[in-house]
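See below for final.pdb, which holds PDB, C-alpha atoms, pLDDT in the B column.
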MODEL        1
ATOM      1  CA  MET A 164      94.406   8.653 -37.469  1.00 47.00           C
ATOM      2  CA  PRO A 165      94.594   5.013 -38.579  1.00 53.00           C
ATOM      3  CA  PRO A 166      91.233   3.358 -39.492  1.00 56.00           C
ATOM      4  CA  LEU A 167      89.603   1.129 -36.802  1.00 59.00           C
ATOM      5  CA  ASP A 168      89.679  -2.531 -37.538  1.00 71.00           C
ATOM      6  CA  ARG A 169      86.523  -4.600 -37.658  1.00 74.00           C
ATOM      7  CA  ARG A 170      87.106  -6.333 -34.323  1.00 77.00           C
ATOM      8  CA  THR A 171      87.313  -3.045 -32.453  1.00 79.00           C
ATOM      9  CA  LEU A 172      84.062  -1.840 -34.014  1.00 75.00           C
ATOM     10  CA  LEU A 173      82.228  -4.997 -33.008  1.00 77.00           C
ATOM     11  CA  LEU A 174      83.492  -4.784 -29.427  1.00 79.00           C
ATOM     12  CA  GLY A 175      82.392  -1.160 -29.177  1.00 78.00           C
ATOM     13  CA  LEU A 176      78.941  -1.950 -30.540  1.00 77.00           C
ATOM     14  CA  ALA A 177      78.541  -4.828 -28.060  1.00 77.00           C
ATOM     15  CA  ALA A 178      79.541  -2.557 -25.162  1.00 81.00           C
ATOM     16  CA  ILE A 179      76.925   0.034 -26.200  1.00 84.00           C
ATOM     17  CA  LEU A 180      74.183  -2.632 -26.388  1.00 80.00           C
ATOM     18  CA  LEU A 181      75.099  -4.009 -22.939  1.00 78.00           C
ATOM     19  CA  LEU A 182      75.035  -0.522 -21.478  1.00 78.00           C
ATOM     20  CA  ALA A 183      71.573   0.163 -22.964  1.00 77.00           C
ATOM     21  CA  ALA A 184      70.218  -3.136 -21.605  1.00 75.00           C
ATOM     22  CA  ALA A 185      71.606  -2.405 -18.142  1.00 74.00           C
ATOM     23  CA  VAL A 186      69.970   1.050 -18.072  1.00 71.00           C
ATOM     24  CA  THR A 187      66.600  -0.396 -19.136  1.00 75.00           C
ATOM     25  CA  PHE A 188      66.789  -3.119 -16.459  1.00 71.00           C
ATOM     26  CA  ILE A 189      67.655  -0.654 -13.704  1.00 72.00           C
ATOM     27  CA  ARG A 190      64.778   1.676 -14.677  1.00 71.00           C
ATOM     28  CA  GLY A 191      62.341  -1.270 -14.720  1.00 65.00           C
ATOM     29  CA  ARG A 192      63.252  -2.294 -11.173  1.00 62.00           C
ATOM     30  CA  GLY A 193      62.843   1.209  -9.884  1.00 56.00           C
ATOM     31  CA  GLY A 194      59.093   1.391 -10.881  1.00 51.00           C
ATOM     32  CA  GLU A 195      56.345   0.744  -8.355  1.00 51.00           C
ATOM     33  CA  ALA A 196      54.348  -2.448  -8.667  1.00 50.00           C
ATOM     34  CA  ARG A 197      50.568  -2.052  -8.992  1.00 56.00           C
ATOM     35  CA  PRO A 198      48.638  -3.343  -5.983  1.00 54.00           C
ATOM     36  CA  PRO A 199      46.013  -6.060  -6.621  1.00 56.00           C
ATOM     37  CA  ALA A 200      42.505  -4.798  -7.193  1.00 56.00           C
ATOM     38  CA  PRO A 201      40.515  -4.823  -3.946  1.00 56.00           C
ATOM     39  CA  ILE A 202      37.564  -7.245  -3.665  1.00 55.00           C
ATOM     40  CA  PRO A 203      34.317  -5.471  -2.778  1.00 53.00           C
ATOM     41  CA  ALA A 204      33.466  -6.136   0.863  1.00 51.00           C
ATOM     42  CA  ALA A 205      29.731  -6.374   0.129  1.00 48.00           C
ATOM     43  CA  THR A 206      30.180  -9.592  -1.810  1.00 47.00           C
ATOM     44  CA  THR A 207      32.798 -11.284   0.372  1.00 47.00           C
ATOM     45  CA  ALA A 208      31.251 -11.973   3.734  1.00 48.00           C
ATOM     46  CA  ALA A 209      33.375 -14.767   5.189  1.00 49.00           C
ATOM     47  CA  ASP A 210      31.505 -17.964   5.912  1.00 51.00           C
ATOM     48  CA  GLY A 211      34.073 -19.161   8.460  1.00 53.00           C
ATOM     49  CA  ALA A 212      35.705 -21.574   6.007  1.00 54.00           C
ATOM     50  CA  GLY A 213      37.522 -19.114   3.790  1.00 54.00           C
ATOM     51  CA  GLY A 214      34.708 -18.957   1.248  1.00 55.00           C
ATOM     52  CA  VAL A 215      31.959 -16.507   0.472  1.00 56.00           C
ATOM     53  CA  ALA A 216      28.682 -16.793   2.404  1.00 56.00           C
ATOM     54  CA  PRO A 217      25.459 -16.640   0.366  1.00 59.00           C
ATOM     55  CA  ALA A 218      23.087 -13.717   0.896  1.00 60.00           C
ATOM     56  CA  ALA A 219      20.477 -14.300   3.603  1.00 64.00           C
ATOM     57  CA  ALA A 220      17.158 -15.625   2.220  1.00 74.00           C
ATOM     58  CA  GLU A 221      14.045 -13.489   2.620  1.00 84.00           C
ATOM     59  CA  PRO A 222      11.448 -14.992   5.028  1.00 89.00           C
ATOM     60  CA  LEU A 223       8.086 -16.184   3.732  1.00 91.00           C
ATOM     61  CA  ILE A 224       4.903 -14.505   5.010  1.00 92.00           C
ATOM     62  CA  VAL A 225       1.803 -16.754   4.906  1.00 91.00           C
ATOM     63  CA  HIS A 226      -1.788 -16.550   6.165  1.00 92.00           C
ATOM     64  CA  VAL A 227      -3.105 -19.659   7.951  1.00 91.00           C
ATOM     65  CA  THR A 228      -6.868 -19.743   8.481  1.00 89.00           C
ATOM     66  CA  GLY A 229      -9.821 -22.103   8.828  1.00 87.00           C
ATOM     67  CA  ALA A 230      -9.931 -24.983  11.311  1.00 87.00           C
ATOM     68  CA  VAL A 231      -6.642 -24.209  13.100  1.00 89.00           C
ATOM     69  CA  ARG A 232      -6.100 -23.277  16.750  1.00 90.00           C
ATOM     70  CA  ARG A 233      -4.442 -19.889  16.169  1.00 92.00           C
ATOM     71  CA  PRO A 234      -5.361 -18.454  12.740  1.00 92.00           C
ATOM     72  CA  GLY A 235      -3.165 -15.590  11.640  1.00 92.00           C
ATOM     73  CA  VAL A 236      -0.233 -14.345   9.569  1.00 93.00           C
ATOM     74  CA  TYR A 237       3.061 -16.116  10.190  1.00 94.00           C
ATOM     75  CA  GLN A 238       6.678 -15.746   9.084  1.00 93.00           C
ATOM     76  CA  LEU A 239       8.569 -18.909   8.118  1.00 93.00           C
ATOM     77  CA  ALA A 240      11.919 -19.710   6.537  1.00 92.00           C
ATOM     78  CA  GLU A 241      12.234 -20.388   2.822  1.00 90.00           C
ATOM     79  CA  GLY A 242      11.934 -24.090   1.988  1.00 89.00           C
ATOM     80  CA  THR A 243       9.344 -24.877   4.690  1.00 92.00           C
ATOM     81  CA  ARG A 244       6.097 -26.684   3.915  1.00 92.00           C
ATOM     82  CA  ILE A 245       2.379 -26.288   4.625  1.00 91.00           C
ATOM     83  CA  VAL A 246       2.617 -28.730   7.554  1.00 91.00           C
ATOM     84  CA  ASP A 247       5.118 -26.334   9.200  1.00 93.00           C
ATOM     85  CA  ALA A 248       2.771 -23.367   8.755  1.00 91.00           C
ATOM     86  CA  ILE A 249      -0.139 -25.287  10.307  1.00 92.00           C
ATOM     87  CA  ALA A 250       2.085 -26.319  13.226  1.00 92.00           C
ATOM     88  CA  LYS A 251       3.033 -22.652  13.711  1.00 92.00           C
ATOM     89  CA  ALA A 252      -0.709 -21.872  13.909  1.00 93.00           C
ATOM     90  CA  GLY A 253      -1.115 -24.366  16.767  1.00 91.00           C
ATOM     91  CA  GLY A 254      -2.194 -27.338  14.660  1.00 89.00           C
ATOM     92  CA  VAL A 255      -5.660 -28.285  13.449  1.00 87.00           C
ATOM     93  CA  THR A 256      -8.831 -28.313  15.539  1.00 88.00           C
ATOM     94  CA  ALA A 257     -11.074 -31.302  16.179  1.00 84.00           C
ATOM     95  CA  LYS A 258     -13.408 -30.089  13.395  1.00 84.00           C
ATOM     96  CA  ALA A 259     -10.663 -29.944  10.745  1.00 83.00           C
ATOM     97  CA  ASP A 260     -10.640 -31.969   7.562  1.00 79.00           C
ATOM     98  CA  ALA A 261      -6.854 -31.945   7.072  1.00 73.00           C
ATOM     99  CA  VAL A 262      -7.047 -34.784   4.534  1.00 76.00           C
ATOM    100  CA  THR A 263      -8.039 -32.275   1.838  1.00 76.00           C
ATOM    101  CA  VAL A 264      -4.895 -30.158   2.428  1.00 81.00           C
ATOM    102  CA  ASN A 265      -1.570 -31.114   0.808  1.00 86.00           C
ATOM    103  CA  LEU A 266       0.620 -30.891   3.904  1.00 87.00           C
ATOM    104  CA  ALA A 267       3.797 -31.657   1.936  1.00 86.00           C
ATOM    105  CA  ALA A 268       3.505 -28.701  -0.473  1.00 86.00           C
ATOM    106  CA  LEU A 269       6.216 -26.024  -0.308  1.00 90.00           C
ATOM    107  CA  LEU A 270       5.154 -22.615   0.958  1.00 88.00           C
ATOM    108  CA  ILE A 271       5.019 -19.580  -1.335  1.00 87.00           C
ATOM    109  CA  ASP A 272       5.390 -16.019  -0.066  1.00 89.00           C
ATOM    110  CA  GLY A 273       1.956 -14.418   0.369  1.00 87.00           C
ATOM    111  CA  GLN A 274       0.129 -17.775   0.293  1.00 87.00           C
ATOM    112  CA  GLN A 275      -3.139 -18.352   2.163  1.00 87.00           C
ATOM    113  CA  ILE A 276      -3.596 -21.811   3.681  1.00 88.00           C
ATOM    114  CA  VAL A 277      -7.215 -22.698   4.440  1.00 87.00           C
ATOM    115  CA  VAL A 278      -7.901 -25.809   6.532  1.00 87.00           C
ATOM    116  CA  PRO A 279     -11.577 -26.694   5.937  1.00 86.00           C
ATOM    117  CA  GLU A 280     -13.920 -28.155   8.512  1.00 83.00           C
ATOM    118  CA  ALA A 281     -15.157 -31.713   8.109  1.00 76.00           C
ATOM    119  CA  PHE A 282     -18.594 -32.380   6.588  1.00 61.00           C
ATOM    120  CA  ALA A 283     -21.574 -31.521   8.778  1.00 50.00           C
ATOM    121  CA  PRO A 284     -24.908 -33.211   7.937  1.00 48.00           C
ATOM    122  CA  GLY A 285     -27.430 -30.776   6.512  1.00 45.00           C
ATOM    123  CA  ALA A 286     -24.743 -28.438   5.192  1.00 45.00           C
ATOM    124  CA  GLY A 287     -25.477 -29.399   1.598  1.00 44.00           C
ATOM    125  CA  ALA A 288     -22.416 -31.558   0.908  1.00 43.00           C
ATOM    126  CA  ALA A 289     -22.152 -35.308   0.969  1.00 42.00           C
ATOM    127  CA  PRO A 290     -19.589 -37.021   3.201  1.00 44.00           C
ATOM    128  CA  THR A 291     -16.975 -39.262   1.642  1.00 43.00           C
ATOM    129  CA  GLY A 292     -17.134 -43.029   2.103  1.00 40.00           C
ATOM    130  CA  GLU A 293     -19.420 -45.851   1.089  1.00 40.00           C
ATOM    131  CA  GLY A 294     -22.634 -44.050   1.961  1.00 40.00           C
ATOM    132  CA  PRO A 295     -24.137 -41.134   3.879  1.00 41.00           C
ATOM    133  CA  VAL A 296     -23.715 -41.190   7.637  1.00 41.00           C
ATOM    134  CA  VAL A 297     -25.807 -39.194  10.093  1.00 41.00           C
ATOM    135  CA  SER A 298     -24.222 -37.634  13.162  1.00 46.00           C
ATOM    136  CA  GLY A 299     -26.184 -34.896  14.931  1.00 62.00           C
ATOM    137  CA  VAL A 300     -29.528 -33.340  14.108  1.00 81.00           C
ATOM    138  CA  VAL A 301     -30.657 -32.919  10.485  1.00 84.00           C
ATOM    139  CA  HIS A 302     -32.586 -29.698   9.842  1.00 85.00           C
ATOM    140  CA  LEU A 303     -35.615 -30.390   7.671  1.00 87.00           C
ATOM    141  CA  ASN A 304     -35.754 -26.881   6.220  1.00 84.00           C
ATOM    142  CA  SER A 305     -32.113 -26.769   5.055  1.00 83.00           C
ATOM    143  CA  ALA A 306     -30.965 -30.353   4.505  1.00 83.00           C
ATOM    144  CA  ASP A 307     -30.575 -31.591   0.949  1.00 85.00           C
ATOM    145  CA  VAL A 308     -31.758 -34.936  -0.440  1.00 82.00           C
ATOM    146  CA  VAL A 309     -28.453 -36.645   0.404  1.00 84.00           C
ATOM    147  CA  ALA A 310     -28.594 -35.643   4.079  1.00 82.00           C
ATOM    148  CA  LEU A 311     -32.265 -36.632   4.365  1.00 84.00           C
ATOM    149  CA  ASP A 312     -31.586 -39.956   2.629  1.00 82.00           C
ATOM    150  CA  ALA A 313     -29.041 -40.749   5.353  1.00 83.00           C
ATOM    151  CA  LEU A 314     -31.789 -40.798   7.998  1.00 83.00           C
ATOM    152  CA  PRO A 315     -32.902 -44.301   9.078  1.00 81.00           C
ATOM    153  CA  GLY A 316     -35.968 -45.501   7.175  1.00 80.00           C
ATOM    154  CA  VAL A 317     -35.827 -42.616   4.678  1.00 85.00           C
ATOM    155  CA  GLY A 318     -34.875 -43.598   1.138  1.00 83.00           C
ATOM    156  CA  PRO A 319     -34.134 -41.382  -1.857  1.00 85.00           C
ATOM    157  CA  ALA A 320     -37.793 -41.197  -2.907  1.00 87.00           C
ATOM    158  CA  THR A 321     -39.006 -40.158   0.566  1.00 88.00           C
ATOM    159  CA  ALA A 322     -36.145 -37.662   0.887  1.00 85.00           C
ATOM    160  CA  GLN A 323     -37.223 -36.094  -2.395  1.00 89.00           C
ATOM    161  CA  ARG A 324     -40.850 -35.881  -1.163  1.00 89.00           C
ATOM    162  CA  ILE A 325     -39.681 -34.121   2.027  1.00 89.00           C
ATOM    163  CA  VAL A 326     -37.889 -31.470  -0.068  1.00 88.00           C
ATOM    164  CA  GLU A 327     -40.938 -31.057  -2.330  1.00 90.00           C
ATOM    165  CA  TRP A 328     -43.307 -30.748   0.659  1.00 87.00           C
ATOM    166  CA  ARG A 329     -41.257 -27.992   2.314  1.00 87.00           C
ATOM    167  CA  THR A 330     -41.040 -26.102  -1.009  1.00 86.00           C
ATOM    168  CA  GLN A 331     -44.815 -26.266  -1.533  1.00 89.00           C
ATOM    169  CA  ASN A 332     -45.744 -25.460   2.083  1.00 88.00           C
ATOM    170  CA  GLY A 333     -43.151 -22.877   3.052  1.00 84.00           C
ATOM    171  CA  GLY A 334     -41.079 -25.208   5.227  1.00 85.00           C
ATOM    172  CA  PHE A 335     -41.589 -27.283   8.374  1.00 87.00           C
ATOM    173  CA  ARG A 336     -42.848 -25.504  11.463  1.00 88.00           C
ATOM    174  CA  THR A 337     -42.601 -28.557  13.736  1.00 88.00           C
ATOM    175  CA  VAL A 338     -41.262 -32.101  13.441  1.00 87.00           C
ATOM    176  CA  ASP A 339     -44.874 -33.345  13.486  1.00 89.00           C
ATOM    177  CA  ASP A 340     -45.338 -31.778  10.025  1.00 89.00           C
ATOM    178  CA  LEU A 341     -43.319 -34.724   8.676  1.00 87.00           C
ATOM    179  CA  GLU A 342     -46.399 -36.923   9.050  1.00 88.00           C
ATOM    180  CA  GLN A 343     -48.013 -34.940   6.216  1.00 90.00           C
ATOM    181  CA  VAL A 344     -45.288 -36.116   3.813  1.00 89.00           C
ATOM    182  CA  PRO A 345     -46.469 -39.135   1.764  1.00 88.00           C
ATOM    183  CA  GLY A 346     -44.615 -42.264   2.929  1.00 84.00           C
ATOM    184  CA  ILE A 347     -44.055 -41.123   6.532  1.00 87.00           C
ATOM    185  CA  GLY A 348     -46.471 -42.592   9.048  1.00 85.00           C
ATOM    186  CA  PRO A 349     -46.651 -42.399  12.869  1.00 86.00           C
ATOM    187  CA  ALA A 350     -44.097 -45.189  13.406  1.00 85.00           C
ATOM    188  CA  LYS A 351     -41.502 -43.639  11.086  1.00 85.00           C
ATOM    189  CA  LEU A 352     -42.132 -40.188  12.605  1.00 83.00           C
ATOM    190  CA  ASP A 353     -41.387 -41.570  16.092  1.00 85.00           C
ATOM    191  CA  ALA A 354     -38.149 -43.124  14.821  1.00 84.00           C
ATOM    192  CA  LEU A 355     -37.049 -39.783  13.329  1.00 85.00           C
ATOM    193  CA  ARG A 356     -38.257 -37.443  16.086  1.00 85.00           C
ATOM    194  CA  ASP A 357     -34.909 -37.270  17.937  1.00 83.00           C
ATOM    195  CA  LEU A 358     -32.841 -37.076  14.754  1.00 86.00           C
ATOM    196  CA  VAL A 359     -34.463 -34.109  13.035  1.00 87.00           C
ATOM    197  CA  ALA A 360     -35.445 -30.510  13.722  1.00 86.00           C
ATOM    198  CA  PRO A 361     -37.382 -27.910  11.676  1.00 82.00           C
TER     199      PRO A 361
ENDMDL
END

Encoded form (structure tokens):
Amino acid sequence: MPPLDRRTLLLGLAAILLLAAAVTFIRGRGGEARPPAPIPAATTAADGAGGVAPAAAEPLIVHVTGAVRRPGVYQLAEGTRIVDAIAKAGGVTAKADAVTVNLAALLIDGQQIVVPEAFAPGAGAAPTGEGPVVSGVVHLNSADVVALDALPGVGPATAQRIVEWRTQNGGFRTVDDLEQVPGIGPAKLDALRDLVAP
């Protein structure tokens, strides 16, 4: 058998390589493509615009008490403010001192909102403003020096003597006992009679 020339060998080698490539290509096309990984349904609630809707926010539970019309525990949406909680409780009463409450503050879950009552003479606290103001009856046995000083014709020194007299004598039994306090005569007693009580 005569020896094969070089050209014939090269053509045979090329044919074998083409055949191997064709077999590999055909096998590759016959394989199944992998499906895309599914997206968990729990995290892909549609928001109507093709996006993902955020998880619903937990409601805030707050306790509104004090000088409001309907004190109680209320549920409000996240991001609401103290003014919204007070409105939910029916608003403030006529006795409320809402100036001391920060109505613009954001609510916190579990928060208690207390709306205090305005100052009442004789309660032991001084009203705000330029000076003490009397509205209603001042009780001689419980009023402090500031409340007594607010009475017409009673200065700080006389107010202090009233407090000292009730401490030494066990309190006032009647309004007429005021006349026994140094500095209070019949005329001043008459002026105070309708403004004070034991």

Quiz item: Any chance you could work out the residue set of the PyMOL selection byres ((chain A and resi 346) around 12) here, as a list in words?
Solution: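 Selected by the PyMOL selection byres ((chain A and resi 346) around 12) in this file: Gly316, Val317, Gly318, Pro319, Ala320, Thr321, Ala322, Gln323, Arg324, Ile325, Trp328, Leu341, Glu342, Gln343, Val344, Pro345, Ile347, Gly348, Pro349, Ala350, Lys351 and Leu352 of chain A.
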
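If you look at atom CA of Glu327 of chain A and atom CA of Asp340 of chain A, they are 13.1 Å away from each other.
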
Self-check item: Interatomic distance, atom CA of Val227 of chain A to atom CA of Gln275 of chain A (Å, one decimal)
Solution: 5.9 Å

Quiz item: Any chance you could work out the residue set of the PyMOL selection byres ((chain A and resi 222) around 9) here, as a ChimeraX atom specification?
Solution: /A:220-221,223-224,238-241,272

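Nearest to Ala281 of chain A of all the residues A:Gly254, A:Gly333, A:Gly229, A:Gly175 is A:Gly229, based on all atoms listed in the file.
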
Quiz item: Mind listing as a VMD selection string all residues within 9 Å of (-9.6, -30.5, 16.9), counting only C-alpha atoms?
Solution: chain A and resid 230 to 232 254 to 259

Exercise. May I have the residues within 7 Å of segment 260-263 of chain A as a list of chain:residue names, using all atoms listed in the file and disregarding those fewer than 6 positions away in the same chain?
Key: A:Val278, A:Pro279, A:Glu280, A:Ala281

Quiz item: Do you know which residues the PyMOL selection byres ((chain A and resi 270) around 9) returns on this file, as a list in words?
Solution: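 Evaluating the PyMOL selection byres ((chain A and resi 270) around 9) on this file yields Leu223, Val225, Leu239, Glu241, Gly242, Thr243, Arg244, Ile245, Ala248, Ala268, Leu269, Ile271, Asp272, Gly273 and Gln274 of chain A.
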
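When atom CA of Ile276 of chain A is paired with atom CA of Thr228 of chain A, their separation reads 6.2 Å.
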
All file atoms of segment 176-187 of chain A boxed axis-aligned, 5 Å per side, centre plus edges, as AutoDock Vina command-line options:
--center_x 73.1 --center_y -1.9 --center_z -24.3 --size_x 22.9 --size_y 15.9 --size_z 22.5
